[in-house]
file start_34.cif (mmCIF, C-alpha atoms)
data_protein
#
loop_
_atom_site.label_atom_id
_atom_site.label_comp_id
_atom_site.auth_asym_id
_atom_site.auth_seq_id
_atom_site.Cartn_x
_atom_site.Cartn_y
_atom_site.Cartn_z
CA MET Y 1 -78.66 -51.32 217.94
CA PHE Y 2 -79.66 -54.94 218.17
CA HIS Y 3 -82.83 -56.46 216.74
CA LEU Y 4 -83.93 -58.03 220.01
CA ASN Y 5 -87.61 -58.01 220.80
CA LYS Y 6 -87.50 -56.20 224.13
CA TRP Y 7 -85.94 -55.76 227.51
CA LEU Y 8 -87.80 -57.90 230.02
CA SER Y 9 -88.52 -56.62 233.50
CA GLN Y 10 -89.35 -58.93 236.41
CA ALA Y 11 -93.06 -58.14 235.98
CA GLN Y 12 -92.89 -58.99 232.27
CA LEU Y 13 -91.12 -62.26 232.99
CA ASP Y 14 -93.71 -63.10 235.65
CA ALA Y 15 -96.46 -62.49 233.07
CA ALA Y 16 -94.69 -64.40 230.27
CA LEU Y 17 -96.05 -67.74 229.10
CA PRO Y 18 -94.26 -70.02 229.50
CA LEU Y 19 -92.12 -68.58 232.26
CA PRO Y 20 -88.57 -69.94 231.96
CA PRO Y 21 -88.30 -71.73 235.33
CA GLN Y 22 -84.51 -72.17 235.41
CA LEU Y 23 -83.39 -68.57 234.89
CA PRO Y 24 -81.42 -67.42 237.94
CA SER Y 25 -83.35 -64.68 239.74
CA ASN Y 26 -80.29 -62.41 239.88
CA LEU Y 27 -80.11 -62.41 236.06
CA VAL Y 28 -83.78 -61.77 235.34
CA GLU Y 29 -83.54 -57.99 234.99
CA HIS Y 30 -80.81 -58.41 232.36
CA ILE Y 31 -82.58 -60.90 230.08
CA TYR Y 32 -83.71 -60.20 226.53
CA TYR Y 33 -85.68 -62.57 224.37
CA SER Y 34 -85.80 -63.18 220.66
CA ASP Y 35 -86.88 -65.80 218.19
CA LEU Y 36 -84.33 -68.16 216.75
CA ARG Y 37 -83.83 -68.33 212.99
CA TYR Y 38 -80.87 -70.66 212.56
CA VAL Y 39 -78.28 -72.63 214.52
CA HIS Y 40 -74.96 -71.93 212.83
CA ASP Y 41 -72.81 -74.32 214.85
CA GLY Y 42 -72.25 -75.47 218.41
CA ASP Y 43 -71.52 -72.02 219.79
CA SER Y 44 -73.37 -69.53 217.59
CA ILE Y 45 -76.93 -68.89 216.47
CA ARG Y 46 -78.73 -66.36 214.28
CA LEU Y 47 -81.84 -64.55 215.49
CA GLN Y 48 -84.95 -63.67 213.46
CA GLY Y 49 -83.83 -60.03 213.26
CA GLY Y 50 -80.56 -61.14 211.63
CA ASP Y 51 -78.22 -60.70 214.58
CA GLN Y 52 -75.65 -63.46 215.10
CA VAL Y 53 -75.07 -64.49 218.71
CA ARG Y 54 -71.88 -66.12 219.97
CA MET Y 55 -72.33 -68.08 223.19
CA ARG Y 56 -70.25 -66.64 226.02
CA TYR Y 57 -67.54 -68.69 227.71
CA ILE Y 58 -67.42 -71.64 225.30
CA ASN Y 59 -65.98 -72.72 222.00
CA SER Y 60 -67.16 -75.68 220.00
CA LEU Y 61 -65.32 -77.38 217.19
CA GLU Y 62 -65.64 -76.02 213.66
CA LEU Y 63 -67.93 -77.33 210.91
CA ALA Y 64 -66.52 -77.76 207.40
CA ARG Y 65 -65.77 -74.40 205.85
CA TYR Y 66 -64.20 -73.66 202.49
CA SER Y 67 -61.39 -76.17 201.99
CA TYR Y 68 -61.18 -77.16 205.67
CA PRO Y 69 -62.95 -80.33 206.79
CA ALA Y 70 -65.23 -80.43 209.80
CA GLN Y 71 -63.49 -81.04 213.09
CA PRO Y 72 -64.53 -84.08 215.13
CA LEU Y 73 -67.84 -83.61 216.96
CA ALA Y 74 -68.63 -80.28 215.28
CA GLN Y 75 -71.86 -81.62 213.78
CA ALA Y 76 -72.78 -83.32 217.07
CA ALA Y 77 -72.41 -79.97 218.87
CA ARG Y 78 -74.63 -78.22 216.33
CA ASP Y 79 -77.23 -80.99 216.54
CA TYR Y 80 -77.20 -80.77 220.33
CA VAL Y 81 -77.84 -77.01 220.24
CA MET Y 82 -80.60 -77.48 217.66
CA SER Y 83 -82.32 -80.06 219.83
CA HIS Y 84 -82.14 -77.84 222.93
CA LEU Y 85 -83.37 -74.71 221.16
CA ASN Y 86 -86.21 -76.44 219.33
CA GLU Y 87 -88.90 -74.17 220.79
CA LEU Y 88 -87.50 -71.24 218.75
CA ARG Y 89 -87.70 -68.71 221.63
CA VAL Y 90 -84.31 -67.92 223.14
CA TYR Y 91 -83.36 -65.78 226.11
CA LEU Y 92 -80.10 -63.85 226.10
CA GLN Y 93 -78.10 -62.46 229.02
CA PHE Y 94 -75.34 -60.01 228.16
CA GLY Y 95 -72.19 -59.18 230.09
CA LEU Y 96 -69.96 -56.12 230.05
CA GLN Y 97 -68.70 -56.89 226.54
CA GLN Y 98 -71.74 -57.20 224.30
CA GLN Y 99 -69.97 -57.94 221.00
CA ASP Y 100 -66.91 -59.89 219.89
CA HIS Y 101 -64.31 -58.68 217.38
CA TYR Y 102 -66.41 -60.11 214.52
CA GLY Y 103 -69.42 -57.98 215.53
CA ARG Y 104 -71.44 -60.92 216.89
CA LEU Y 105 -73.45 -60.44 220.05
CA LEU Y 106 -71.91 -62.19 223.08
CA ALA Y 107 -74.47 -63.66 225.45
CA ARG Y 108 -75.44 -66.53 227.65
CA VAL Y 109 -78.11 -68.37 225.66
CA TYR Y 110 -81.06 -69.97 227.45
CA ASN Y 111 -83.73 -72.08 225.81
CA ALA Y 112 -87.49 -71.50 226.12
CA TYR Y 113 -87.51 -73.40 229.42
CA GLY Y 114 -84.74 -71.29 230.94
CA HIS Y 115 -81.94 -73.86 230.65
CA TRP Y 116 -78.52 -72.37 229.94
CA VAL Y 117 -77.17 -74.19 226.88
CA ALA Y 118 -73.39 -73.84 227.49
CA PRO Y 119 -73.10 -76.11 230.57
CA ALA Y 120 -74.80 -78.96 228.73
CA LEU Y 121 -72.37 -78.66 225.80
CA VAL Y 122 -69.34 -78.57 228.10
CA SER Y 123 -70.50 -81.53 230.20
CA GLN Y 124 -71.04 -83.60 227.04
CA GLY Y 125 -67.55 -82.73 225.77
CA LEU Y 126 -69.02 -80.92 222.76
CA ALA Y 127 -67.44 -77.58 223.70
CA TYR Y 128 -64.63 -76.34 225.88
CA VAL Y 129 -64.44 -73.36 228.22
CA VAL Y 130 -62.94 -70.07 227.07
CA SER Y 131 -62.19 -67.07 229.29
CA ILE Y 132 -61.24 -63.88 227.51
CA PRO Y 133 -61.10 -60.90 229.88
CA PRO Y 134 -63.26 -59.15 230.84
CA ALA Y 135 -65.51 -62.21 230.31
CA ILE Y 136 -64.21 -64.68 232.88
CA ALA Y 137 -65.98 -68.03 232.71
CA PRO Y 138 -67.77 -69.08 235.90
CA ALA Y 139 -66.29 -71.84 238.06
CA CYS Y 140 -69.21 -74.17 237.30
CA LEU Y 141 -68.15 -74.40 233.64
CA TRP Y 142 -64.54 -75.14 234.54
CA GLN Y 143 -65.73 -77.91 236.86
CA LEU Y 144 -67.94 -79.41 234.14
CA GLU Y 145 -64.97 -79.38 231.77
CA ARG Y 146 -62.75 -81.11 234.35
CA ASP Y 147 -65.47 -83.75 234.85
CA ALA Y 148 -65.80 -84.30 231.08
CA LYS Y 149 -62.02 -84.66 230.76
CA ALA Y 150 -61.88 -87.12 233.66
CA ALA Y 151 -64.65 -89.18 232.06
CA SER Y 152 -63.04 -88.96 228.58
CA THR Y 153 -66.31 -87.53 227.28
CA GLY Y 154 -66.69 -86.09 223.79
CA LEU Y 155 -63.64 -84.22 222.54
CA TRP Y 156 -61.73 -85.39 225.63
CA GLY Y 157 -62.15 -89.03 224.63
CA SER Y 158 -58.93 -90.94 224.06
CA SER Y 159 -59.96 -91.94 220.52
CA ARG Y 160 -60.36 -88.32 219.38
CA SER Y 161 -57.63 -86.75 217.30
CA TYR Y 162 -58.60 -83.15 218.01
CA SER Y 163 -55.92 -80.92 219.48
CA SER Y 164 -56.49 -77.20 219.92
CA SER Y 165 -52.79 -76.72 219.25
CA GLY Y 166 -52.82 -78.69 215.99
CA ALA Y 167 -51.21 -76.97 213.00
CA GLU Y 168 -54.30 -77.30 210.76
CA TYR Y 169 -56.56 -75.77 213.38
CA ARG Y 170 -54.15 -72.86 214.00
CA THR Y 171 -53.89 -72.25 210.26
CA PHE Y 172 -57.67 -72.25 209.92
CA CYS Y 173 -58.11 -69.83 212.85
CA TYR Y 174 -55.44 -67.52 211.44
CA TRP Y 175 -57.14 -67.57 208.05
CA LEU Y 176 -60.49 -66.66 209.64
CA TYR Y 177 -58.86 -63.91 211.69
CA THR Y 178 -57.12 -62.30 208.69
CA ARG Y 179 -60.27 -62.60 206.59
CA ALA Y 180 -62.32 -60.85 209.28
CA ARG Y 181 -59.74 -58.06 209.61
CA GLN Y 182 -59.88 -57.50 205.84
CA GLY Y 183 -63.66 -57.19 206.00
CA GLY Y 184 -64.24 -60.47 204.14
#

call {"tool": "encode", "arguments": {"input": "start_34.cif", "output": "C-alpha cells"}}
result
Amino acid sequence: MFHLNKWLSQAQLDAALPLPPQLPSNLVEHIYYSDLRYVHDGDSIRLQGGDQVRMRYINSLELARYSYPAQPLAQAARDYVMSHLNELRVYLQFGLQQQDHYGRLLARVYNAYGHWVAPALVSQGLAYVVSIPPAIAPACLWQLERDAKAASTGLWGSSRSYSSSGAEYRTFCYWLYTRARQGG
C-alpha cells in the first residue's frame, strides 16, 4: 500500500494544528496527509515515504531530461510548486483512480494551509488542464485555463513557442511511454 501517514477523520482534522482552512468540507473525510520530500516538477512531487504523486487534472511542461531540453516555463512551474509547498506538510485527496500507468499516486495536492495547488498553476499559465476518464477535470479548472489563454498568461503567451502538438514534444512523450512499458 502507500506510505501515507494516516487517514484523517473530521475529528482528527478538527484537532490538527494548523487546521487547513481552505479544504472543502465535502472532501475532508477523504484527505490523507504526508510530509513532502522533493518537488520533481510542476505536476509531481515525492513524499517522505518514497511515493511519487502526480497532481490530478493538470500537466505542466517538462524539465530537461536526457537529451531533451527543458520546455518553456517548466522550471517556473517547479519553482511555483516549491514555493507553495514550502511548509513540507501536504494533504492529498484521491479519486476513483488512485494510480496512473507509471505507478504514481494520482491526487489533488493541497498545501499546509489547505490551498489546492493545481488551480494556481493553471491560472498562472504554468500548467494546462487534462481530463482522462474516469478523472474528469472540474469546470473551475477549465475556466481558469480559458482566463489564462484570454490573458495570454504563461504558456498561452504569444511569445511562447510551446505547442503540445509539436514533433519534439510528441517524440519525447513517446520515448517516455515506451521506456515505461519496458520497465525502464

call {"tool": "residues_around", "arguments": {"input": "start_34.cif", "residues": "Gly157 (chain Y)", "least_positions_apart": "6", "cutoff": "10 Å", "atoms": "only C-alpha atoms", "output": "PyMOL selection string"}}
result
chain Y and resi 125+148-151

call {"tool": "atom_distance", "arguments": {"input": "start_34.cif", "atom1": "CA of Arg78 (chain Y)", "atom2": "CA of Leu106 (chain Y)"}}
result
17.6 Å

call {"tool": "closest_residue", "arguments": {"input": "start_34.cif", "among": "Y:Gln52, Y:Asn59, Y:Ser44, Y:Ser131", "to": "Leu85 (chain Y)", "atoms": "all atoms listed in the file"}}
result
Y:Ser44

call {"tool": "residues_around", "arguments": {"input": "start_34.cif", "residues": "Val129 (chain Y)", "least_positions_apart": "6", "cutoff": "8 Å", "atoms": "only C-alpha atoms", "output": "CSV table (one decimal) with C-alpha atoms, in the frame of the given file"}}
result
chain,number,residue,atom,x,y,z
Y,57,TYR,CA,-67.5,-68.7,227.7
Y,58,ILE,CA,-67.4,-71.6,225.3
Y,59,ASN,CA,-66.0,-72.7,222.0
Y,122,VAL,CA,-69.3,-78.6,228.1
Y,137,ALA,CA,-66.0,-68.0,232.7
Y,141,LEU,CA,-68.2,-74.4,233.6
Y,142,TRP,CA,-64.5,-75.1,234.5
Y,145,GLU,CA,-65.0,-79.4,231.8

call {"tool": "residues_around", "arguments": {"input": "start_34.cif", "residues": "Ser60 (chain Y)", "least_positions_apart": "5", "cutoff": "10 Å", "atoms": "only C-alpha atoms", "output": "PyMOL selection string"}}
result
chain Y and resi 41-44+55+71+73-78+118+121-122+125-130+155

call {"tool": "residues_around", "arguments": {"input": "start_34.cif", "residues": "Arg104 (chain Y)", "least_positions_apart": "2", "cutoff": "7 Å", "atoms": "only C-alpha atoms", "output": "list in words"}}
result
Gln52, Val53, Arg54, Gln99, Asp100, Tyr102 and Leu106 of chain Y

call {"tool": "write_last_selection", "arguments": {"input": "start_34.cif", "atoms": "C-alpha atoms", "output": "short mmCIF file (atom, residue, chain, number, x, y, z; two decimals), in the frame of the given file"}}
result
data_model
loop_
_atom_site.label_atom_id
_atom_site.label_comp_id
_atom_site.auth_asym_id
_atom_site.auth_seq_id
_atom_site.Cartn_x
_atom_site.Cartn_y
_atom_site.Cartn_z
CA GLN Y 52 -75.65 -63.46 215.10
CA VAL Y 53 -75.07 -64.49 218.71
CA ARG Y 54 -71.88 -66.12 219.97
CA GLN Y 99 -69.97 -57.94 221.00
CA ASP Y 100 -66.91 -59.89 219.89
CA TYR Y 102 -66.41 -60.11 214.52
CA LEU Y 106 -71.91 -62.19 223.08
#

call {"tool": "atom_distance", "arguments": {"input": "start_34.cif", "atom1": "CA of Gly154 (chain Y)", "atom2": "CA of Ser83 (chain Y)"}}
result
17.2 Å

call {"tool": "closest_residue", "arguments": {"input": "start_34.cif", "among": "Y:Tyr68, Y:Tyr80, Y:Tyr32, Y:Trp156", "to": "Phe94 (chain Y)", "atoms": "only C-alpha atoms"}}
result
Y:Tyr32

call {"tool": "closest_residue", "arguments": {"input": "start_34.cif", "among": "Y:Gly95, Y:Gly103, Y:Gly114, Y:Pro119", "to": "Ala135 (chain Y)", "atoms": "all atoms listed in the file"}}
result
Y:Gly95
